[in-house]
Amino acid sequence: MIFPYSYHSKETVEEINRLVGKPFGWMQRFKLNGIGSQRLLVLQADTEVKKLLDEQNTPPFTNIELRPKGIIFWFRVKLDNYVLVLPFGKIQIHATTEELNIVSDPWNLRLIAANRSKLDQKFIQKLMGIKTGIKE
């Protein structure tokens with residue numbers, strides 16, 4: 001589910017927290033050694049995300065935030081922020097050393113590391129670990 005997040009409302013925050021859980025506390029963030037991904041470039045996306053990202057003239061970048069029950073993709077389009085919220089229950093993650101594919105019907109994102117760097121394998125392992133720790 002995509003939410004505009006530039007001027008987030010209490011209802012939007014509550015809905016996001018209901019879908020993927022409240023943000024990790026500072027102690028959990030410290031134990032996890034961070035909850036955010038590196039900057040990622042969107043190579044391919046479903047029509048709704050692609051339509052949103054096509055509105056800008058810059059490369060389509062995103063970041064991933066880990067939550068207890070899912071992940072959040074952060075997008076910046078022109079001067080606005082958007083988030084794509086995906087609960088772990090329906091997510092399929094396929095990762096190689098070069099690219100990360102995340103599929104959750106109807107969402108589909110194919111990502112690579114930005115700036116010709118390599119994918120952070122520690123983050124991907126952390127993502128997989130949190131996902132498998134969730135009772136589906």
# chains A, B, ... in the order shown; residues from 1 in each chain; ligands from 1

call {"tool": "residues_around", "arguments": {"residues": "Val13 of chain A", "least_positions_apart": "6", "cutoff": "12 Å", "atoms": "only C-alpha atoms", "output": "JSON, numbers by chain"}}
result
{"A": [3, 4, 5, 6, 7, 19, 20, 21, 22, 23, 83, 85]}

call {"tool": "select_by_dssp", "arguments": {"residues": "chain A", "states": "alpha helix (DSSP H)", "output": "VMD selection string"}}
result
chain A and resid 10 to 20 26 to 32 47 to 53 121 to 133

call {"tool": "write_last_selection", "arguments": {"atoms": "C-alpha atoms", "output": "mmCIF file, in the first residue's frame"}}
result
data_model
loop_
_atom_site.group_PDB
_atom_site.id
_atom_site.type_symbol
_atom_site.label_atom_id
_atom_site.label_comp_id
_atom_site.auth_asym_id
_atom_site.auth_seq_id
_atom_site.Cartn_x
_atom_site.Cartn_y
_atom_site.Cartn_z
ATOM 1 C CA LYS A 10 -2.049 10.551 12.672
ATOM 2 C CA GLU A 11 -4.312 8.180 10.715
ATOM 3 C CA THR A 12 -1.544 7.419 8.186
ATOM 4 C CA VAL A 13 0.995 6.697 10.931
ATOM 5 C CA GLU A 14 -1.512 4.450 12.748
ATOM 6 C CA GLU A 15 -2.293 2.531 9.541
ATOM 7 C CA ILE A 16 1.415 2.011 8.769
ATOM 8 C CA ASN A 17 2.043 0.859 12.355
ATOM 9 C CA ARG A 18 -0.911 -1.529 12.102
ATOM 10 C CA LEU A 19 0.440 -3.058 8.878
ATOM 11 C CA VAL A 20 4.155 -3.430 9.719
ATOM 12 C CA TRP A 26 16.736 2.638 19.944
ATOM 13 C CA MET A 27 18.044 -0.415 21.824
ATOM 14 C CA GLN A 28 16.720 -2.799 19.137
ATOM 15 C CA ARG A 29 18.224 -0.564 16.431
ATOM 16 C CA PHE A 30 21.555 -0.734 18.207
ATOM 17 C CA LYS A 31 21.370 -4.541 18.538
ATOM 18 C CA LEU A 32 20.470 -4.849 14.851
ATOM 19 C CA THR A 47 2.780 0.000 -12.763
ATOM 20 C CA GLU A 48 1.674 2.060 -9.755
ATOM 21 C CA VAL A 49 5.202 2.593 -8.408
ATOM 22 C CA LYS A 50 6.598 3.112 -11.923
ATOM 23 C CA LYS A 51 3.960 5.749 -12.654
ATOM 24 C CA LEU A 52 4.897 7.531 -9.433
ATOM 25 C CA LEU A 53 8.641 7.391 -10.121
ATOM 26 C CA GLN A 121 24.711 -8.607 2.152
ATOM 27 C CA LYS A 122 24.548 -8.011 5.926
ATOM 28 C CA PHE A 123 21.368 -5.962 5.466
ATOM 29 C CA ILE A 124 19.835 -8.677 3.270
ATOM 30 C CA GLN A 125 20.666 -11.321 5.910
ATOM 31 C CA LYS A 126 19.124 -9.086 8.577
ATOM 32 C CA LEU A 127 16.004 -8.670 6.420
ATOM 33 C CA MET A 128 15.723 -12.430 5.867
ATOM 34 C CA GLY A 129 16.330 -13.097 9.567
ATOM 35 C CA ILE A 130 13.563 -10.763 10.697
ATOM 36 C CA LYS A 131 11.212 -12.167 8.046
ATOM 37 C CA THR A 132 11.804 -15.783 9.072
ATOM 38 C CA GLY A 133 11.376 -14.850 12.743
#

call {"tool": "residues_around", "arguments": {"residues": "Leu109 of chain A", "least_positions_apart": "5", "cutoff": "9 Å", "atoms": "only C-alpha atoms", "output": "number ranges by chain"}}
result
A: 42-46, 49, 100-104

call {"tool": "closest_residue", "arguments": {"among": "A:Phe75, A:His8, A:Leu84, A:Ile2", "to": "Leu40 of chain A", "atoms": "only C-alpha atoms"}}
result
A:Phe75

call {"tool": "residues_around", "arguments": {"residues": "Thr58 of chain A", "least_positions_apart": "3", "cutoff": "12 Å", "atoms": "only C-alpha atoms", "output": "list in words"}}
result
Leu41, Val42, Leu53, Asp54, Glu55, Phe61, Thr62, Phe75, Arg76, Val77 and Lys78 of chain A

call {"tool": "select_by_dssp", "arguments": {"residues": "chain A", "states": "strand (DSSP E)", "output": "VMD selection string"}}
result
chain A and resid 2 to 4 40 to 45 61 to 67 70 to 77 80 to 87 92 to 95 99 to 104 107 to 113

call {"tool": "closest_residue", "arguments": {"among": "A:Ala114, A:Leu86, A:Ala95, A:Ile35", "to": "Leu66 of chain A", "atoms": "only C-alpha atoms"}}
result
A:Ile35

call {"tool": "closest_residue", "arguments": {"among": "A:Thr96, A:Lys118, A:Ile112, A:Pro87", "to": "Pro60 of chain A", "atoms": "only C-alpha atoms"}}
result
A:Ile112

call {"tool": "decode", "arguments": {"residues": "segment 16-123 of chain A", "atoms": "C-alpha atoms", "output": "compact mmCIF listing (two decimals), in the first residue's frame"}}
result
# COMPACT_ATOMS: atom_id res chain seq x y z
CA ILE A 16 1.41 2.01 8.77
CA ASN A 17 2.04 0.86 12.36
CA ARG A 18 -0.91 -1.53 12.10
CA LEU A 19 0.44 -3.06 8.88
CA VAL A 20 4.15 -3.43 9.72
CA GLY A 21 4.46 -2.65 13.42
CA LYS A 22 5.81 0.34 15.28
CA PRO A 23 9.40 1.40 14.56
CA PHE A 24 12.12 -0.46 16.44
CA GLY A 25 13.24 1.23 19.66
CA TRP A 26 16.74 2.64 19.94
CA MET A 27 18.04 -0.41 21.82
CA GLN A 28 16.72 -2.80 19.14
CA ARG A 29 18.22 -0.56 16.43
CA PHE A 30 21.56 -0.73 18.21
CA LYS A 31 21.37 -4.54 18.54
CA LEU A 32 20.47 -4.85 14.85
CA ASN A 33 23.26 -2.45 13.91
CA GLY A 34 20.79 -0.21 12.09
CA ILE A 35 17.45 -0.78 10.40
CA GLY A 36 17.92 1.06 7.11
CA SER A 37 19.32 -0.07 3.79
CA GLN A 38 21.85 1.57 1.60
CA ARG A 39 20.61 3.74 -1.26
CA LEU A 40 19.05 1.50 -3.91
CA LEU A 41 18.20 2.15 -7.55
CA VAL A 42 14.84 0.89 -8.81
CA LEU A 43 15.38 -1.00 -12.07
CA GLN A 44 11.88 -2.34 -12.46
CA ALA A 45 8.62 -1.81 -10.59
CA ASP A 46 4.93 -2.52 -10.91
CA THR A 47 2.78 0.00 -12.76
CA GLU A 48 1.67 2.06 -9.76
CA VAL A 49 5.20 2.59 -8.41
CA LYS A 50 6.60 3.11 -11.92
CA LYS A 51 3.96 5.75 -12.65
CA LEU A 52 4.90 7.53 -9.43
CA LEU A 53 8.64 7.39 -10.12
CA ASP A 54 8.24 8.48 -13.75
CA GLU A 55 7.04 11.90 -12.54
CA GLN A 56 10.61 12.93 -11.72
CA ASN A 57 13.62 13.62 -13.92
CA THR A 58 16.18 12.10 -11.56
CA PRO A 59 17.04 8.40 -11.17
CA PRO A 60 14.49 6.44 -9.13
CA PHE A 61 16.17 5.83 -5.78
CA THR A 62 14.70 4.18 -2.70
CA ASN A 63 15.69 3.07 0.77
CA ILE A 64 14.28 0.22 2.85
CA GLU A 65 13.33 0.54 6.51
CA LEU A 66 12.92 -2.62 8.56
CA ARG A 67 9.95 -2.90 10.89
CA PRO A 68 8.98 -5.79 13.20
CA LYS A 69 6.24 -7.10 10.87
CA GLY A 70 7.32 -5.82 7.46
CA ILE A 71 9.33 -3.35 5.42
CA ILE A 72 8.84 0.19 4.20
CA PHE A 73 10.22 1.55 0.93
CA TRP A 74 10.86 5.29 0.98
CA PHE A 75 10.56 7.23 -2.29
CA ARG A 76 11.13 10.89 -2.99
CA VAL A 77 9.23 12.28 -5.96
CA LYS A 78 9.88 15.93 -6.71
CA LEU A 79 9.34 17.54 -3.30
CA ASP A 80 7.08 14.86 -1.86
CA ASN A 81 7.83 11.69 0.10
CA TYR A 82 5.96 8.44 -0.42
CA VAL A 83 6.17 5.11 1.37
CA LEU A 84 5.32 1.65 0.10
CA VAL A 85 4.39 -0.56 3.06
CA LEU A 86 4.71 -4.34 2.71
CA PRO A 87 3.89 -6.78 5.54
CA PHE A 88 6.16 -9.85 5.72
CA GLY A 89 3.26 -12.30 5.34
CA LYS A 90 3.13 -12.06 1.55
CA ILE A 91 6.68 -11.00 0.67
CA GLN A 92 9.00 -13.16 -1.41
CA ILE A 93 12.63 -12.04 -1.40
CA HIS A 94 15.13 -13.12 -4.05
CA ALA A 95 18.64 -11.77 -3.61
CA THR A 96 21.87 -12.20 -5.52
CA THR A 97 25.15 -10.38 -5.07
CA GLU A 98 24.05 -7.85 -7.71
CA GLU A 99 20.30 -7.36 -7.31
CA LEU A 100 17.40 -7.66 -4.91
CA ASN A 101 13.91 -8.68 -6.05
CA ILE A 102 10.99 -8.21 -3.71
CA VAL A 103 7.59 -9.52 -4.74
CA SER A 104 4.36 -9.11 -2.82
CA ASP A 105 1.22 -9.38 -4.90
CA PRO A 106 0.60 -6.90 -6.61
CA TRP A 107 3.92 -5.18 -5.84
CA ASN A 108 7.14 -6.11 -7.62
CA LEU A 109 10.44 -4.28 -7.22
CA ARG A 110 13.81 -5.09 -8.77
CA LEU A 111 16.63 -3.15 -7.12
CA ILE A 112 20.39 -2.75 -7.36
CA ALA A 113 22.83 -0.83 -5.21
CA ALA A 114 23.23 2.79 -6.24
CA ASN A 115 26.49 4.41 -7.29
CA ARG A 116 28.02 1.19 -8.64
CA SER A 117 28.49 -0.25 -5.17
CA LYS A 118 27.65 -3.79 -4.11
CA LEU A 119 24.52 -4.86 -2.31
CA ASP A 120 24.93 -4.88 1.45
CA GLN A 121 24.71 -8.61 2.15
CA LYS A 122 24.55 -8.01 5.93
CA PHE A 123 21.37 -5.96 5.47
